[in-house]
Amino acid sequence: MTDCLFCKIVSGDVPAKVVRDSERVLAFRDINPQAPTHVLVIPKDHHPTAAELAAADPELLAEVLGEAHRVAVDEGVDGTGYRVVFNTGAQAGQTVFHVHAHVLGGRGLNWPPG
């Protein structure tokens, strides 16, 4: 997708602070962090939402979630707790329509969110 910010990050056209890079998944720091650890985990293939990725390629969705856990381990928040968030749709707060998981940790995360 030529106008997708995250596709441009995958292609290297837009810089990002990459923290993990596998064959099909990329993880990079959020430019507007909401917690000491705030990393976005995306599939390299373009899928607009988590629901569409789940329908098209459930194994890739599992890889995204697995990488989210590895980010938490690498960032040292796996023992204290972390949150993985998929915003799906504009009303849920999704602003970039390339599915992405937010990995948040390093501080108390209240409930309910938002």
# chains A, B, ... in the order shown; residues from 1 in each chain; ligands from 1
>>> select_by_dssp(residues="chain A", states="strand (DSSP E or B)", output="list of chain:residue names")
A:Val18, A:Val19, A:Arg20, A:Asp21, A:Val25, A:Leu26, A:Ala27, A:Phe28, A:Arg29, A:Thr37, A:His38, A:Val39, A:Leu40, A:Val41, A:Ile42, A:Pro43, A:Tyr82, A:Arg83, A:Val84, A:Val85, A:Phe86, A:Ala101, A:His102, A:Val103, A:Leu104, A:Gly105
>>> residues_around(residues="range 19-27 of chain A", least_positions_apart="5", cutoff="7 Å", atoms="only C-alpha atoms", output="ChimeraX atom specification")
/A:39-44,64
>>> atom_distance(atom1="CA of Ala72 in chain A", atom2="CA of Leu109 in chain A")
14.5 Å
>>> closest_residue(among="A:Val14, A:Ala101, A:Ala90, A:Leu5", to="Leu61 in chain A", atoms="only C-alpha atoms")
A:Ala101
>>> residues_around(residues="Cys4 in chain A", least_positions_apart="2", cutoff="12 Å", atoms="only C-alpha atoms", output="PyMOL selection string")
chain A and resi 1-2+6-11+13-14+44-48+95-99
>>> select_by_dssp(residues="chain A", states="helix (DSSP H, G or I)", output="VMD selection string")
chain A and resid 5 to 11 50 to 56 58 to 75 90 to 92
>>> write_last_selection(atoms="N, CA and C atoms", output="mmCIF file, in the first residue's frame")
data_model
loop_
_atom_site.group_PDB
_atom_site.id
_atom_site.type_symbol
_atom_site.label_atom_id
_atom_site.label_comp_id
_atom_site.auth_asym_id
_atom_site.auth_seq_id
_atom_site.Cartn_x
_atom_site.Cartn_y
_atom_site.Cartn_z
ATOM 1 N N LEU A 5 1.527 4.269 6.266
ATOM 2 C CA LEU A 5 2.717 4.616 7.043
ATOM 3 C C LEU A 5 3.495 3.376 7.462
ATOM 4 N N PHE A 6 2.806 2.350 7.958
ATOM 5 C CA PHE A 6 3.516 1.177 8.455
ATOM 6 C C PHE A 6 4.126 0.366 7.312
ATOM 7 N N CYS A 7 3.493 0.348 6.147
ATOM 8 C CA CYS A 7 4.109 -0.300 4.980
ATOM 9 C C CYS A 7 5.389 0.432 4.595
ATOM 10 N N LYS A 8 5.386 1.756 4.739
ATOM 11 C CA LYS A 8 6.591 2.538 4.446
ATOM 12 C C LYS A 8 7.688 2.257 5.469
ATOM 13 N N ILE A 9 7.323 1.985 6.719
ATOM 14 C CA ILE A 9 8.313 1.597 7.723
ATOM 15 C C ILE A 9 8.886 0.230 7.360
ATOM 16 N N VAL A 10 8.035 -0.709 6.979
ATOM 17 C CA VAL A 10 8.496 -2.046 6.587
ATOM 18 C C VAL A 10 9.469 -1.951 5.411
ATOM 19 N N SER A 11 9.153 -1.105 4.432
ATOM 20 C CA SER A 11 10.010 -0.994 3.240
ATOM 21 C C SER A 11 11.282 -0.193 3.494
ATOM 22 N N ALA A 50 -7.152 -6.098 12.946
ATOM 23 C CA ALA A 50 -6.906 -7.396 13.569
ATOM 24 C C ALA A 50 -7.935 -8.417 13.095
ATOM 25 N N ALA A 51 -9.174 -7.992 12.924
ATOM 26 C CA ALA A 51 -10.223 -8.909 12.474
ATOM 27 C C ALA A 51 -9.913 -9.426 11.064
ATOM 28 N N GLU A 52 -9.468 -8.535 10.201
ATOM 29 C CA GLU A 52 -9.148 -8.953 8.832
ATOM 30 C C GLU A 52 -7.921 -9.865 8.803
ATOM 31 N N LEU A 53 -6.934 -9.591 9.647
ATOM 32 C CA LEU A 53 -5.767 -10.472 9.723
ATOM 33 C C LEU A 53 -6.174 -11.837 10.260
ATOM 34 N N ALA A 54 -7.021 -11.871 11.281
ATOM 35 C CA ALA A 54 -7.465 -13.149 11.847
ATOM 36 C C ALA A 54 -8.177 -13.997 10.808
ATOM 37 N N ALA A 55 -8.971 -13.359 9.960
ATOM 38 C CA ALA A 55 -9.697 -14.093 8.919
ATOM 39 C C ALA A 55 -8.765 -14.552 7.805
ATOM 40 N N ALA A 56 -7.795 -13.708 7.439
ATOM 41 C CA ALA A 56 -6.924 -13.997 6.296
ATOM 42 C C ALA A 56 -5.768 -14.927 6.638
ATOM 43 N N PRO A 58 -4.563 -16.547 10.276
ATOM 44 C CA PRO A 58 -4.500 -16.686 11.733
ATOM 45 C C PRO A 58 -3.105 -17.036 12.256
ATOM 46 N N GLU A 59 -2.314 -17.733 11.452
ATOM 47 C CA GLU A 59 -0.955 -18.061 11.891
ATOM 48 C C GLU A 59 -0.099 -16.800 12.012
ATOM 49 N N LEU A 60 -0.291 -15.859 11.108
ATOM 50 C CA LEU A 60 0.450 -14.601 11.182
ATOM 51 C C LEU A 60 0.002 -13.788 12.391
ATOM 52 N N LEU A 61 -1.275 -13.808 12.691
ATOM 53 C CA LEU A 61 -1.756 -13.133 13.910
ATOM 54 C C LEU A 61 -1.093 -13.738 15.145
ATOM 55 N N ALA A 62 -0.953 -15.061 15.166
ATOM 56 C CA ALA A 62 -0.264 -15.726 16.276
ATOM 57 C C ALA A 62 1.200 -15.296 16.347
ATOM 58 N N GLU A 63 1.843 -15.118 15.192
ATOM 59 C CA GLU A 63 3.235 -14.640 15.177
ATOM 60 C C GLU A 63 3.333 -13.231 15.754
ATOM 61 N N VAL A 64 2.386 -12.374 15.412
ATOM 62 C CA VAL A 64 2.378 -11.010 15.956
ATOM 63 C C VAL A 64 2.277 -11.069 17.472
ATOM 64 N N LEU A 65 1.373 -11.885 17.993
ATOM 65 C CA LEU A 65 1.219 -11.998 19.441
ATOM 66 C C LEU A 65 2.463 -12.601 20.091
ATOM 67 N N GLY A 66 3.065 -13.594 19.440
ATOM 68 C CA GLY A 66 4.310 -14.165 19.969
ATOM 69 C C GLY A 66 5.425 -13.137 20.023
ATOM 70 N N GLU A 67 5.544 -12.317 18.981
ATOM 71 C CA GLU A 67 6.561 -11.257 18.991
ATOM 72 C C GLU A 67 6.250 -10.221 20.064
ATOM 73 N N ALA A 68 4.968 -9.949 20.311
ATOM 74 C CA ALA A 68 4.606 -9.017 21.381
ATOM 75 C C ALA A 68 5.136 -9.526 22.719
ATOM 76 N N HIS A 69 5.003 -10.814 22.965
ATOM 77 C CA HIS A 69 5.544 -11.375 24.205
ATOM 78 C C HIS A 69 7.069 -11.277 24.239
ATOM 79 N N ARG A 70 7.720 -11.549 23.125
ATOM 80 C CA ARG A 70 9.180 -11.446 23.094
ATOM 81 C C ARG A 70 9.642 -10.002 23.324
ATOM 82 N N VAL A 71 8.878 -9.034 22.835
ATOM 83 C CA VAL A 71 9.178 -7.628 23.131
ATOM 84 C C VAL A 71 9.105 -7.403 24.632
ATOM 85 N N ALA A 72 8.054 -7.904 25.272
ATOM 86 C CA ALA A 72 7.906 -7.734 26.721
ATOM 87 C C ALA A 72 9.088 -8.346 27.465
ATOM 88 N N VAL A 73 9.541 -9.508 27.038
ATOM 89 C CA VAL A 73 10.705 -10.146 27.652
ATOM 90 C C VAL A 73 11.940 -9.275 27.443
ATOM 91 N N ASP A 74 12.182 -8.856 26.207
ATOM 92 C CA ASP A 74 13.347 -8.029 25.895
ATOM 93 C C ASP A 74 13.342 -6.716 26.676
ATOM 94 N N GLU A 75 12.158 -6.153 26.880
ATOM 95 C CA GLU A 75 12.028 -4.871 27.579
ATOM 96 C C GLU A 75 12.007 -5.037 29.097
ATOM 97 N N ALA A 90 -11.985 2.897 13.730
ATOM 98 C CA ALA A 90 -11.794 4.295 14.140
ATOM 99 C C ALA A 90 -12.387 4.586 15.510
ATOM 100 N N GLN A 91 -13.555 4.052 15.816
ATOM 101 C CA GLN A 91 -14.185 4.343 17.102
ATOM 102 C C GLN A 91 -13.400 3.740 18.262
ATOM 103 N N ALA A 92 -12.604 2.724 17.992
ATOM 104 C CA ALA A 92 -11.755 2.124 19.022
ATOM 105 C C ALA A 92 -10.418 2.832 19.143
#
>>> atom_distance(atom1="CA of Phe28 in chain A", atom2="CA of Thr49 in chain A")
18.1 Å
